[in-house]
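Contents: one structure, followed by commentary.
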Amino acid sequence: MLRVLHVDDEPDIREVVELSLGLDADMAIQSCPSGAEGLAAAAECPPDLILLDVMMPGMDGPTTLARLRENPQTADIPVVFMTARAQTREIELFLSLGAVGVIAKPFDPMLLAGLVRQYIPNSPRLSS
Amino acid sequence: MNGREHRVTALRILHVDDEPDIREVVKLSLGLDPAFVVRSCDSGGAALAAAADWLPDLILCDVMMPVMDGPAMLLRLRESSHTARVPIVFMTGFTHGEEVDALRALGATGVIAKPLDPMTLVKSVRGHLRNAGIAALRGGFVKRMHANAAVLIKCRADLADAVLASAALGEIKAFAHALAGAAGIFGFQRVTESAAGVEKVIIERLRGNNAPGQVESALDRLLADMQQPQMARRE
């Protein structure tokens, strides 16, 4: 079972990600509405991957990533940003911050599980 | 939903077919996935009763059956508010464009081709469940979008007021950002584009860079798209 933690302040996006990934035969998804809650959830039970919104009130995505890296328990968890700003320059910036990838918003909810799987190390390339 | 793990562990599938062989194949194929719980019925009448009693996550339904065929069963299912929202996927040998369009027009979530491929049935049923779930979320999203349009119209009026304009700009920007990210997920590509346009002109306005009226006209375009959202065809 691949465990994915999703952090986004938008309830619509959390719902659709829960549905898209939750219906995958071998993914379990947990969602958090803020960077702070995401940090706590990641430390409590480190997931295989974190999907992180970039623009959030309070703690934004890049700050959340920096905090994750500071804590040895969460430092190695791969992080993928989800953002509407997915131009080459922004993607390079996000990767330089230590993200393993960027998923553009809006995404196709039917294809999200397959996209996410590509970023999970050693995951079987099944799509369901 | 926040903070708890979401994992689908029981997916209830009701299968209807008058052919015992097909019922057997479907039961075996879906049994490959431990999350599926399958109940089979040999007629539309029996399936209607089972659907009302069990409220499955999805009905897989044969099209040609004696007495009550698949489409007739779908209509009966929709008549009762209790079962109206249960998604139906038809299984049929006729999967040419017109037949599929006709079944979708009746309200089917999708179509699976017969003869069945037992090895891919699980994957296909999970895909249809996802599609049906997204369609249900889309309904809620559209309702909220209409409600938000009313708020945006009020904000637009506030833009003309020297005192209220800056708060209104901030509020519009937050709405536009959320819509730009979400609308396209539900197939409303034009709303995403207009919302991104509004966000961009507001950022420029906050930097003091754009001509008067630009935010208003971008916002009018967005409001028009929000009030009549057009789904882009994906696939």
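Letters A, B, ... go to the chains of the structure tokens in the order shown; residues in each chain start at 1; ligands are counted from 1 in the same order.
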Item to complete: Quick one: pick out all strand (DSSP E or B) residues within stretch 48-82 of chain B from a backbone DSSP run and write them as an NGL selection string.
Response: :B and (58-62)
Write a file of the just-selected residues containing all heavy atoms, as a JSON list (two decimals), in the first residue's frame.
```
[["chain", "number", "residue", "atom", "x", "y", "z"],
["B", 58, "LEU", "N", -22.03, 0.82, -7.44],
["B", 58, "LEU", "CA", -22.15, 0.80, -8.90],
["B", 58, "LEU", "C", -22.98, -0.41, -9.31],
["B", 58, "LEU", "O", -22.90, -1.46, -8.68],
["B", 58, "LEU", "CB", -20.75, 0.68, -9.53],
["B", 58, "LEU", "CG", -20.66, 0.83, -11.04],
["B", 58, "LEU", "CD1", -20.46, 2.30, -11.42],
["B", 58, "LEU", "CD2", -19.50, 0.03, -11.61],
["B", 59, "ILE", "N", -23.77, -0.22, -10.38],
["B", 59, "ILE", "CA", -24.49, -1.36, -10.95],
["B", 59, "ILE", "C", -23.91, -1.66, -12.32],
["B", 59, "ILE", "O", -23.74, -0.76, -13.15],
["B", 59, "ILE", "CB", -26.00, -1.05, -11.10],
["B", 59, "ILE", "CG1", -26.61, -0.77, -9.72],
["B", 59, "ILE", "CG2", -26.73, -2.20, -11.78],
["B", 59, "ILE", "CD1", -28.09, -0.40, -9.76],
["B", 60, "LEU", "N", -23.55, -2.92, -12.53],
["B", 60, "LEU", "CA", -23.13, -3.39, -13.84],
["B", 60, "LEU", "C", -24.33, -4.10, -14.43],
["B", 60, "LEU", "O", -24.84, -5.04, -13.83],
["B", 60, "LEU", "CB", -21.99, -4.39, -13.71],
["B", 60, "LEU", "CG", -20.62, -3.86, -13.34],
["B", 60, "LEU", "CD1", -19.66, -5.04, -13.13],
["B", 60, "LEU", "CD2", -20.09, -2.94, -14.43],
["B", 61, "CYS", "N", -24.75, -3.67, -15.61],
["B", 61, "CYS", "CA", -26.05, -4.13, -16.09],
["B", 61, "CYS", "C", -26.01, -4.56, -17.55],
["B", 61, "CYS", "O", -25.52, -3.83, -18.41],
["B", 61, "CYS", "CB", -27.03, -2.97, -15.90],
["B", 61, "CYS", "SG", -28.72, -3.39, -16.26],
["B", 62, "ASP", "N", -26.54, -5.73, -17.81],
["B", 62, "ASP", "CA", -26.71, -6.23, -19.17],
["B", 62, "ASP", "C", -27.75, -5.35, -19.87],
["B", 62, "ASP", "O", -28.63, -4.78, -19.23],
["B", 62, "ASP", "CB", -27.21, -7.68, -19.08],
["B", 62, "ASP", "CG", -27.28, -8.36, -20.43],
["B", 62, "ASP", "OD1", -26.55, -7.93, -21.36],
["B", 62, "ASP", "OD2", -28.05, -9.32, -20.57]]
```
Discussion item. As a VMD selection string, could you give me every residue of chain B near chain A (at most 10 Å apart, counting only C-alpha atoms)?
Written reply: chain B and resid 1 to 9 11 33 to 35 120 122 to 131 133 to 134 137 to 138 140 to 141 144 174 177 to 189 192 196 234
Worksheet item: Which parts of stretch 6-84 of chain A does DSSP call helix (DSSP H, G or I) when run on the backbone here, written out as a ChimeraX atom specification?
Response: /A:11-22,35-44,61-70
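With atom CA of A:Leu51 on one side and atom CA of B:Leu222 on the other, the separation reads 28.3 Å.
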Worksheet item: If we count only C-alpha atoms, what is near stretch 77-91 of chain B at a cut-off of 8 Å, once residues fewer than 3 positions away on the same chain are taken out, given as a VMD selection string?
Response: chain B and resid 48 51 to 52 55 to 63 70 73 to 74 103 107 to 114 128 132
Practice prompt. Name all residues at most 10 Å from stretch 149-157 of chain B (count only C-alpha atoms; drop same-chain ones fewer than 6 positions away) and give them as number ranges by chain.
Written response: B: 164-165, 167-172, 175-176, 215-216, 219-220, 222-227
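The nearest approach to A:Asp8 among the residues A:Gly61, A:Val80, A:Gly114, A:Pro46, with only C-alpha atoms taken into account, belongs to A:Gly61.
The environment of B:Met65 within 8 Å, counting only C-alpha atoms and disregarding residues fewer than 2 places along the same chain, consists of Asp17, Asp18, Ser43, Gly44, Asp62, Val63, Val67, Met68, Asp69 and Gly70 of chain B.
Nearest to A:Leu2 of all the residues A:Val79, A:Ala42, A:Leu49, A:Ala36 is A:Leu49, counting only C-alpha atoms.
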